[in-house]
There are 4 protein chains.
Amino acid sequence: MYKNPHFFSHLAHVELISPKLEESANFFKNIIGLEESGRSENSVYFRAWGEHYHHSLKITEGTEPGLGHIGWRADSPAALEEAAAHIEKLGQGIGWIEGDLGHGRAYQFTSPDGHLEEIFWDVELYEAPDQLQSKWKNRPQKNPGRGISPRRIDHITLFSNDVTKDREFYQNIGFRYNEGIFLNANEPGSPEIGAWLSVTNLSHDIAFLKNHSGKPGGFNHVCYAVESREEVLLAADHILESGYELAMGGPTRHALAEGFFFYVDEPGGNRFELYAGAHLVFAPDFGPYRWSLSENPNDAWGREMPWDASGKVIK
Amino acid sequence: MYKNPHFFSHLAHVELISPKLEESANFFKNIIGLEESGRSENSVYFRAWGEHYHHSLKITEGTEPGLGHIGWRADSPAALEEAAAHIEKLGQGIGWIEGDLGHGRAYQFTSPDGHLEEIFWDVELYEAPDQLQSKWKNRPQKNPGRGISPRRIDHITLFSNDVTKDREFYQNIGFRYNEGIFLNANEPGSPEIGAWLSVTNLSHDIAFLKNHSGKPGGFNHVCYAVESREEVLLAADHILESGYELAMGGPTRHALAEGFFFYVDEPGGNRFELYAGAHLVFAPDFGPYRWSLSENPNDAWGREMPWDASGKVIK
Amino acid sequence: MYKNPHFFSHLAHVELISPKLEESANFFKNIIGLEESGRSENSVYFRAWGEHYHHSLKITEGTEPGLGHIGWRADSPAALEEAAAHIEKLGQGIGWIEGDLGHGRAYQFTSPDGHLEEIFWDVELYEAPDQLQSKWKNRPQKNPGRGISPRRIDHITLFSNDVTKDREFYQNIGFRYNEGIFLNANEPGSPEIGAWLSVTNLSHDIAFLKNHSGKPGGFNHVCYAVESREEVLLAADHILESGYELAMGGPTRHALAEGFFFYVDEPGGNRFELYAGAHLVFAPDFGPYRWSLSENPNDAWGREMPWDASGKVIK
Amino acid sequence: MYKNPHFFSHLAHVELISPKLEESANFFKNIIGLEESGRSENSVYFRAWGEHYHHSLKITEGTEPGLGHIGWRADSPAALEEAAAHIEKLGQGIGWIEGDLGHGRAYQFTSPDGHLEEIFWDVELYEAPDQLQSKWKNRPQKNPGRGISPRRIDHITLFSNDVTKDREFYQNIGFRYNEGIFLNANEPGSPEIGAWLSVTNLSHDIAFLKNHSGKPGGFNHVCYAVESREEVLLAADHILESGYELAMGGPTRHALAEGFFFYVDEPGGNRFELYAGAHLVFAPDFGPYRWSLSENPNDAWGREMPWDASGKVIK
């Protein structure tokens, strides 16, 4: 009888590579308004004010923008061990590492397309210094009110040269496949353009978009969440007044997953999404909803698609 | 090594007893704006527009307002069998029933305080008739825009004569204990006034408040969610213009769980809560945050407490 | 010494011509959610729930969509007489008419481009029937919560074959010129593409866009206001779920006047705008702010312009 | 024939007295987020980011908190002279002064209860330094996003020992009387507890509350506006996280004037209100709506009144 594995608890952090470390760090600290929570030789660490761990974003200096790695929190100590064994059996395992600032030993693996990932249990729960302590004990710290000041990381969207393969791998390790895009969803075997998956009740914790470049392990964007669409609208003005541009014409609503969002490219060249109002998924048999490219699942209200006719992302 | 059971997926439905069935049904249909999805001899069934099952609310005629039963969706077919075995072992099991409109066989059990509950896997996924089909395939139906038109059920709050016992039972069946209220949280053994638990990423799927009446299986309120605090504010005017009263002075923010809410009592005498903006919980080691009664966890912004000094709910 | 005349109080109503009267009436009643307040042989009258007069919109059957006339409330009985005398002197006067449903004698005139207008003082203040009476005495009626349910008319935007002439006429009768668009605002004598004027503290009560057709008295859109940008977002979904399309890609923010808006074309062919969040103007020497076409004053966040390079509206 | 005078354009600034000048200045700059725009020996000047003048708030050191003076912008140069002549005739004139930072000669007068006021025409329009210039030319400066960052001053509420006399004086100088509170509005001659008046389309630019102290020229609060109710909610958390308290239980909706608001007392002892969502008034014959004290016009949703049974403000 079918039983869902629960290896993973949620997306804990993302490492991005930036060729302009200090400019990227300034952007995430002062324009987005994350909290700088640590530094190492080539990296700066950030957390959002509503998060309980050491960091949800690590920016590391490098020659090309893109993904460093993705960090997942296991569901329990036992789940971590089971996850490692299961992934090893699937042939995607790398092995154990000692950890990083804020978390202990982690099991590394890669997605079929080559994205570096890790899963861990031991973490250092964040303790705010006196001046950042919240009046409310269930908040890990005060909302600093600097820049956009998102509450938490939401999801990561990657490029994959084989969306089907990556999607199936995530389903095999316990992710629910919620929504997908196909060149023609009504045609069996139609090319798979995108897949949205979650291990939490979020609309997605991870998504894949078809990569046409052949380059492995590609990155599309990382997304942080605010708590209202009004905050997304206020943030749009703030981004422009800060000297940055909104990609693709500013705030609108995704049809797929329903998030109200905008994209902005940080100085290091990585895309950042701000998000509110995405639906939550509770039914274990929600979806998968299969969209055709022509239905423009990117935009509920009728704006131009970010894809060309072959499903290649062009914006 | 510790491993979290995942028997339960989420809160699927609540049955309430009303001594004024038609007035209650009219309230939930026209003032709250739920969709009537079925009728049986003594019951009317409702679902919110964003829900995937046959109903999330069943109103049954009876002499006194209060809880009929609570329905939980299992995480999988295997999880249902495991849940039944586990609960039977805990001595709270009743046995299998055939089901109800919209779902199949269910395992009945009671909480230690005597609330009737059930867990099931087989459901009839909702299919909207043509005129209610949404333009967007990931919505089970159009938002009808009638009354408040909440998107989904959020949680249920019960009275318990022994909060500690109920809370421990739910922890034993896989719920995370997120927050609690004690007469004095800093004093070991201080009376437990309330407990908030979840099996999803919601701030709570179920909560218990100390009952001083001795009557078993007490009900405090059922809560539905809209997607923005602005909608809660608009709904407050709507409730009053419809001839109902807001309990406790209208919209404000809970400190505990952070929901922006109001309460209104439906004509049958059951309390209804409208909700937006509660935090989500992702870290498996979030909390439990232990509040003292004097910290007024009911209200973040300083309004009078709904409890007397002994922790008895008085409003 | 300069003294501002105060002939006009505010925009009271707009008459639109529709070749599909019943379809237009159904749209304004059930999709937009205005209140039908009267009928005559060829016309249906509507008011928004927060308005104090008999109607703010009159739809009259006719062969081509477009403007019927615009009705302005005078500032006082004396101001009405002074306005009539002043406009007559300017050569734009037509003469007095007896009135219409809901208002008394009115002085008719035309803009230089030929839009038919009227100014009046005597009105019938709206009295709600019992079932529509609001709980709050300062509301003319309950918010019916049907469709979008805007609170009030906001402004009207017209086409003019000579924006400069129309703008100067309105300035001569006491309107403040707040903002304008020129092909190149830095070049003296550059063609005037648009002008925004107000007699209230709104960002504009009337606006003109350059008409390239030569046809006199052209109409671009009529705008109604809701009270929050969140309501504009909710309304966008409602419009699409009701089977209509959003023009130009749905909700975004105007740079000029700052309204958060969308456009939708009603079945008769007239454009409707929904609006929230436009700035208010208090300083009597606010502006005029002169925008160049290339600055895209239509969209603060970077979407494509609705004009071609000559300033012709193309969307 | 009746004609409305238009001497006044709008509320330009308020001077408050603080016994703790630097603490008050810090509150308005860093917690509220106004821009410091000048200093003189005993005063600090502030403006909100969306305002066009030098300042809308002046804090002056003094022994007791309260009102310094109120500054009104005239409607035109001629209106200023007419206003001065008219007020002198009414016996409330003081005479001309040279001006202050940011504005030229002003005519001083007092309300019947002794509030010091002034009206002026000549102003220095604000020019933002390069680093504060907005991307959008119709904004006087960037929204700095510091603290609450309100857009503009909204209104002032005063105590008066004779509300009727003050209300009639303002009506005589061209203010519209919109709403009022009486001990019993249905009883002719019932004591007048409050009056709300405006010269703009705002719900009120000035209001009076019955003073029972006998002390002349009393001050209740000054109010600034944000553009959405969501911002009021976000600001409520910010005020508490900054170590201040919300008066009277935090955000709620006024029935009278409909503003969604909260009050907070600044360190010098003056009350500050934050506001969004108040209705606008367009009809010149709107109201006056006469409320009875028992209808609780302070709160639309049912919270306790800030008055005792005699109409004395007690909170």
# chains A, B, ... in the order shown; residues from 1 in each chain; ligands from 1
call {"tool": "residues_around", "arguments": {"residues": "A:Trp49", "least_positions_apart": "3", "cutoff": "12 Å", "atoms": "only C-alpha atoms", "output": "mmCIF file with N, CA and C atoms, in the first residue's frame"}}
result
data_model
loop_
_atom_site.group_PDB
_atom_site.id
_atom_site.type_symbol
_atom_site.label_atom_id
_atom_site.label_comp_id
_atom_site.auth_asym_id
_atom_site.auth_seq_id
_atom_site.Cartn_x
_atom_site.Cartn_y
_atom_site.Cartn_z
ATOM 1 N N LYS A 29 21.306 43.096 1.718
ATOM 2 C CA LYS A 29 21.185 43.700 3.050
ATOM 3 C C LYS A 29 20.336 44.969 3.025
ATOM 4 N N ILE A 32 16.979 44.607 -0.327
ATOM 5 C CA ILE A 32 16.005 43.579 0.078
ATOM 6 C C ILE A 32 15.770 43.644 1.585
ATOM 7 N N GLY A 33 16.821 43.874 2.339
ATOM 8 C CA GLY A 33 16.630 44.039 3.778
ATOM 9 C C GLY A 33 16.782 42.756 4.585
ATOM 10 N N LEU A 34 17.555 41.810 4.058
ATOM 11 C CA LEU A 34 17.880 40.632 4.872
ATOM 12 C C LEU A 34 18.897 41.022 5.945
ATOM 13 N N GLU A 35 19.055 40.141 6.932
ATOM 14 C CA GLU A 35 20.010 40.373 8.007
ATOM 15 C C GLU A 35 21.308 39.650 7.695
ATOM 16 N N GLU A 36 22.428 40.356 7.725
ATOM 17 C CA GLU A 36 23.715 39.681 7.567
ATOM 18 C C GLU A 36 23.981 38.895 8.842
ATOM 19 N N SER A 37 24.204 37.580 8.675
ATOM 20 C CA SER A 37 24.338 36.757 9.880
ATOM 21 C C SER A 37 25.695 36.073 9.987
ATOM 22 N N PHE A 46 23.113 35.428 4.995
ATOM 23 C CA PHE A 46 21.940 36.256 5.320
ATOM 24 C C PHE A 46 20.785 35.391 5.807
ATOM 25 N N HIS A 52 14.320 30.832 11.544
ATOM 26 C CA HIS A 52 14.834 30.318 12.807
ATOM 27 C C HIS A 52 16.259 29.780 12.715
ATOM 28 N N TYR A 53 16.856 29.816 11.524
ATOM 29 C CA TYR A 53 18.193 29.240 11.383
ATOM 30 C C TYR A 53 19.230 30.358 11.192
ATOM 31 N N HIS A 54 20.472 29.925 11.065
ATOM 32 C CA HIS A 54 21.576 30.871 10.906
ATOM 33 C C HIS A 54 21.487 31.665 9.606
ATOM 34 N N HIS A 55 21.111 30.990 8.541
ATOM 35 C CA HIS A 55 21.010 31.704 7.269
ATOM 36 C C HIS A 55 20.080 30.969 6.309
ATOM 37 N N SER A 56 19.522 31.714 5.377
ATOM 38 C CA SER A 56 18.763 31.112 4.278
ATOM 39 C C SER A 56 19.406 31.466 2.941
ATOM 40 N N TYR A 126 18.451 30.180 15.803
ATOM 41 C CA TYR A 126 18.853 31.579 15.922
ATOM 42 C C TYR A 126 18.408 32.195 17.242
ATOM 43 N N GLU A 127 19.327 32.880 17.900
ATOM 44 C CA GLU A 127 19.011 33.646 19.116
ATOM 45 C C GLU A 127 19.317 35.106 18.851
ATOM 46 N N ALA A 128 18.308 35.946 18.892
ATOM 47 C CA ALA A 128 18.526 37.367 18.587
ATOM 48 C C ALA A 128 19.267 38.068 19.723
ATOM 49 N N LEU A 132 17.652 43.237 19.030
ATOM 50 C CA LEU A 132 16.793 42.710 17.954
ATOM 51 C C LEU A 132 15.694 41.798 18.477
ATOM 52 N N GLN A 133 15.630 41.611 19.789
ATOM 53 C CA GLN A 133 14.595 40.730 20.337
ATOM 54 C C GLN A 133 13.213 41.320 20.093
ATOM 55 N N SER A 134 12.309 40.452 19.698
ATOM 56 C CA SER A 134 10.946 40.890 19.446
ATOM 57 C C SER A 134 10.160 40.964 20.748
ATOM 58 N N ASN A 138 7.170 34.460 19.927
ATOM 59 C CA ASN A 138 7.140 33.514 18.817
ATOM 60 C C ASN A 138 7.764 34.074 17.538
ATOM 61 N N ARG A 139 8.356 35.245 17.623
ATOM 62 C CA ARG A 139 9.128 35.763 16.490
ATOM 63 C C ARG A 139 10.613 35.656 16.822
ATOM 64 N N PRO A 140 11.393 35.070 15.897
ATOM 65 C CA PRO A 140 12.816 34.907 16.205
ATOM 66 C C PRO A 140 13.553 36.238 16.383
ATOM 67 N N GLN A 141 13.037 37.278 15.772
ATOM 68 C CA GLN A 141 13.596 38.621 15.994
ATOM 69 C C GLN A 141 12.565 39.634 15.533
ATOM 70 N N LYS A 142 12.844 40.891 15.846
ATOM 71 C CA LYS A 142 12.060 42.008 15.323
ATOM 72 C C LYS A 142 12.126 42.066 13.813
ATOM 73 N N ASN A 143 11.080 42.512 13.210
ATOM 74 C CA ASN A 143 11.135 42.928 11.810
ATOM 75 C C ASN A 143 11.921 44.235 11.775
ATOM 76 N N PRO A 144 13.103 44.242 11.114
ATOM 77 C CA PRO A 144 13.930 45.461 11.160
ATOM 78 C C PRO A 144 13.369 46.593 10.304
ATOM 79 N N GLY A 145 12.447 46.283 9.401
ATOM 80 C CA GLY A 145 11.845 47.347 8.597
ATOM 81 C C GLY A 145 12.828 48.033 7.663
ATOM 82 N N ARG A 146 13.861 47.316 7.279
ATOM 83 C CA ARG A 146 14.868 47.903 6.371
ATOM 84 C C ARG A 146 14.629 47.336 4.975
ATOM 85 N N ILE A 148 12.860 45.963 1.795
ATOM 86 C CA ILE A 148 11.611 45.206 1.638
ATOM 87 C C ILE A 148 11.303 44.389 2.888
ATOM 88 N N SER A 149 12.327 43.909 3.537
ATOM 89 C CA SER A 149 12.178 43.141 4.786
ATOM 90 C C SER A 149 11.239 41.934 4.636
ATOM 91 N N PRO A 150 11.570 41.001 3.717
ATOM 92 C CA PRO A 150 10.742 39.803 3.588
ATOM 93 C C PRO A 150 10.805 38.965 4.864
ATOM 94 N N ARG A 151 9.809 38.136 5.058
ATOM 95 C CA ARG A 151 9.763 37.341 6.300
ATOM 96 C C ARG A 151 10.578 36.050 6.213
ATOM 97 N N ARG A 152 10.634 35.456 4.998
ATOM 98 C CA ARG A 152 11.237 34.124 4.896
ATOM 99 C C ARG A 152 11.535 33.786 3.456
ATOM 100 N N ILE A 153 12.422 32.831 3.277
ATOM 101 C CA ILE A 153 12.675 32.274 1.965
ATOM 102 C C ILE A 153 11.428 31.493 1.557
ATOM 103 N N TYR A 224 11.792 35.078 -2.072
ATOM 104 C CA TYR A 224 11.465 35.341 -0.672
ATOM 105 C C TYR A 224 10.020 35.844 -0.590
ATOM 106 N N ALA A 225 9.418 35.635 0.566
ATOM 107 C CA ALA A 225 7.996 35.959 0.728
ATOM 108 C C ALA A 225 7.768 37.111 1.703
ATOM 109 N N VAL A 226 6.876 38.011 1.324
ATOM 110 C CA VAL A 226 6.269 38.950 2.262
ATOM 111 C C VAL A 226 4.845 38.459 2.521
#
call {"tool": "interface_residues", "arguments": {"of": "chain B", "to": "chain A", "cutoff": "9 Å", "atoms": "only C-alpha atoms", "output": "ChimeraX atom specification"}}
result
/B:1-6,9-12,51-53,73-79,125,136-138,179,200-202,227-229,255-258,277,279,282-291,297,300
call {"tool": "select_by_dssp", "arguments": {"residues": "stretch 170-314 of chain C", "states": "strand (DSSP E or B)", "output": "NGL selection string"}}
result
:C and (176-182 or 192-198 or 206-210 or 219-225 or 246-253 or 260-265 or 271-276 or 289-292 or 307 or 313)
call {"tool": "residues_around", "arguments": {"residues": "C:Val163", "least_positions_apart": "5", "cutoff": "12 Å", "atoms": "only C-alpha atoms", "output": "PyMOL selection string"}}
result
chain C and resi 111-113+157-158+168-170+180-182+191-197+207-212+216-218+311
call {"tool": "atom_distance", "arguments": {"atom1": "atom CA of D:Lys165", "atom2": "atom CA of D:Asp205"}}
result
17.3 Å
call {"tool": "select_by_dssp", "arguments": {"residues": "stretch 139-209 of chain B", "states": "helix (DSSP H, G or I)", "output": "list in words"}}
result
Val163, Thr164, Lys165, Asp166, Arg167, Glu168, Phe169, Tyr170, Gln171 and Asn172 of chain B
call {"tool": "atom_distance", "arguments": {"atom1": "atom CA of B:Asp130", "atom2": "atom CA of C:His238"}}
result
16.6 Å
call {"tool": "residues_around", "arguments": {"residues": "B:Thr63", "least_positions_apart": "5", "cutoff": "8 Å", "atoms": "only C-alpha atoms", "output": "JSON, numbers by chain"}}
result
{"B": [17, 18, 19]}
call {"tool": "write_last_selection", "arguments": {"atoms": "all heavy atoms", "output": "mmCIF file, in the first residue's frame"}}
result
data_model
loop_
_atom_site.group_PDB
_atom_site.id
_atom_site.type_symbol
_atom_site.label_atom_id
_atom_site.label_comp_id
_atom_site.auth_asym_id
_atom_site.auth_seq_id
_atom_site.Cartn_x
_atom_site.Cartn_y
_atom_site.Cartn_z
ATOM 1 N N ILE B 17 -23.198 21.217 15.362
ATOM 2 C CA ILE B 17 -24.603 21.005 15.680
ATOM 3 C C ILE B 17 -25.273 22.371 15.819
ATOM 4 O O ILE B 17 -24.719 23.267 16.449
ATOM 5 C CB ILE B 17 -24.748 20.232 17.012
ATOM 6 C CG1 ILE B 17 -23.918 18.945 16.982
ATOM 7 C CG2 ILE B 17 -26.234 19.940 17.302
ATOM 8 C CD1 ILE B 17 -24.230 17.999 15.835
ATOM 9 N N SER B 18 -26.426 22.501 15.197
ATOM 10 C CA SER B 18 -27.164 23.761 15.311
ATOM 11 C C SER B 18 -28.613 23.491 15.668
ATOM 12 O O SER B 18 -29.269 22.672 15.032
ATOM 13 C CB SER B 18 -27.116 24.540 13.992
ATOM 14 O OG SER B 18 -28.049 25.607 14.044
ATOM 15 N N PRO B 19 -29.133 24.220 16.645
ATOM 16 C CA PRO B 19 -30.568 24.100 16.935
ATOM 17 C C PRO B 19 -31.429 24.863 15.921
ATOM 18 O O PRO B 19 -32.649 24.771 15.965
ATOM 19 C CB PRO B 19 -30.694 24.702 18.341
ATOM 20 C CG PRO B 19 -29.450 25.462 18.582
ATOM 21 C CD PRO B 19 -28.406 25.031 17.608
#
call {"tool": "decode", "arguments": {"residues": "stretch 287-298 of chain B", "atoms": "all heavy atoms", "output": "short mmCIF file (atom, residue, chain, number, x, y, z; two decimals), in the first residue's frame"}}
result
data_model
loop_
_atom_site.label_atom_id
_atom_site.label_comp_id
_atom_site.auth_asym_id
_atom_site.auth_seq_id
_atom_site.Cartn_x
_atom_site.Cartn_y
_atom_site.Cartn_z
N GLY B 287 9.27 26.23 18.34
CA GLY B 287 8.56 26.18 19.62
C GLY B 287 8.84 24.91 20.39
O GLY B 287 9.84 24.22 20.14
N PRO B 288 7.95 24.52 21.34
CA PRO B 288 6.76 25.28 21.69
C PRO B 288 7.10 26.57 22.45
O PRO B 288 7.94 26.58 23.34
CB PRO B 288 5.99 24.31 22.60
CG PRO B 288 7.05 23.43 23.18
CD PRO B 288 8.10 23.31 22.13
N TYR B 289 6.41 27.62 22.04
CA TYR B 289 6.53 28.89 22.75
C TYR B 289 5.49 28.90 23.85
O TYR B 289 4.31 28.68 23.60
CB TYR B 289 6.35 30.07 21.79
CG TYR B 289 7.48 30.13 20.80
CD1 TYR B 289 7.35 29.61 19.52
CD2 TYR B 289 8.72 30.65 21.18
CE1 TYR B 289 8.41 29.62 18.63
CE2 TYR B 289 9.79 30.66 20.29
CZ TYR B 289 9.62 30.14 19.02
OH TYR B 289 10.68 30.15 18.15
N ARG B 290 5.95 29.12 25.06
CA ARG B 290 5.09 29.06 26.23
C ARG B 290 4.78 30.47 26.72
O ARG B 290 5.65 31.19 27.19
CB ARG B 290 5.78 28.25 27.33
CG ARG B 290 6.02 26.78 26.93
CD ARG B 290 7.05 26.08 27.84
NE ARG B 290 6.72 26.20 29.24
CZ ARG B 290 6.11 25.26 29.97
NH1 ARG B 290 5.80 24.10 29.41
NH2 ARG B 290 5.84 25.47 31.24
N TRP B 291 3.52 30.86 26.61
CA TRP B 291 3.07 32.19 27.03
C TRP B 291 2.44 32.13 28.42
O TRP B 291 1.76 31.16 28.75
CB TRP B 291 2.00 32.72 26.07
CG TRP B 291 2.40 32.85 24.64
CD1 TRP B 291 2.52 31.84 23.73
CD2 TRP B 291 2.72 34.05 23.94
NE1 TRP B 291 2.89 32.34 22.50
CE2 TRP B 291 3.02 33.70 22.60
CE3 TRP B 291 2.79 35.41 24.30
CZ2 TRP B 291 3.38 34.66 21.63
CZ3 TRP B 291 3.14 36.35 23.34
CH2 TRP B 291 3.44 35.98 22.03
N SER B 292 2.65 33.20 29.17
CA SER B 292 1.87 33.37 30.41
C SER B 292 0.57 34.06 30.06
O SER B 292 0.53 34.90 29.16
CB SER B 292 2.63 34.23 31.42
OG SER B 292 3.76 33.54 31.89
N LEU B 293 -0.49 33.74 30.81
CA LEU B 293 -1.78 34.36 30.57
C LEU B 293 -1.66 35.89 30.58
O LEU B 293 -2.27 36.58 29.75
CB LEU B 293 -2.76 33.91 31.65
CG LEU B 293 -4.23 34.24 31.42
CD1 LEU B 293 -4.77 33.48 30.22
CD2 LEU B 293 -5.06 33.89 32.66
N SER B 294 -0.84 36.39 31.49
CA SER B 294 -0.72 37.86 31.65
C SER B 294 -0.09 38.53 30.44
O SER B 294 -0.16 39.75 30.29
CB SER B 294 0.12 38.17 32.88
OG SER B 294 1.41 37.60 32.71
N GLU B 295 0.52 37.76 29.56
CA GLU B 295 1.09 38.37 28.35
C GLU B 295 0.04 38.60 27.27
O GLU B 295 0.34 39.12 26.20
CB GLU B 295 2.21 37.47 27.79
CG GLU B 295 3.39 37.36 28.73
CD GLU B 295 4.44 36.35 28.23
OE1 GLU B 295 4.11 35.16 28.06
OE2 GLU B 295 5.59 36.78 28.03
N ASN B 296 -1.18 38.21 27.54
CA ASN B 296 -2.30 38.37 26.62
C ASN B 296 -1.98 37.87 25.20
O ASN B 296 -2.00 38.65 24.24
CB ASN B 296 -2.75 39.84 26.55
CG ASN B 296 -4.12 39.98 25.87
OD1 ASN B 296 -4.76 38.98 25.56
ND2 ASN B 296 -4.54 41.20 25.63
N PRO B 297 -1.71 36.59 25.08
CA PRO B 297 -1.38 36.07 23.74
C PRO B 297 -2.53 36.19 22.75
O PRO B 297 -2.32 36.06 21.55
CB PRO B 297 -1.01 34.61 24.00
CG PRO B 297 -1.51 34.30 25.37
CD PRO B 297 -1.54 35.58 26.12
N ASN B 298 -3.73 36.46 23.22
CA ASN B 298 -4.86 36.61 22.30
C ASN B 298 -4.75 37.86 21.46
O ASN B 298 -5.28 37.93 20.36
CB ASN B 298 -6.19 36.66 23.08
CG ASN B 298 -7.39 36.68 22.16
OD1 ASN B 298 -7.63 35.73 21.44
ND2 ASN B 298 -8.11 37.80 22.13
#
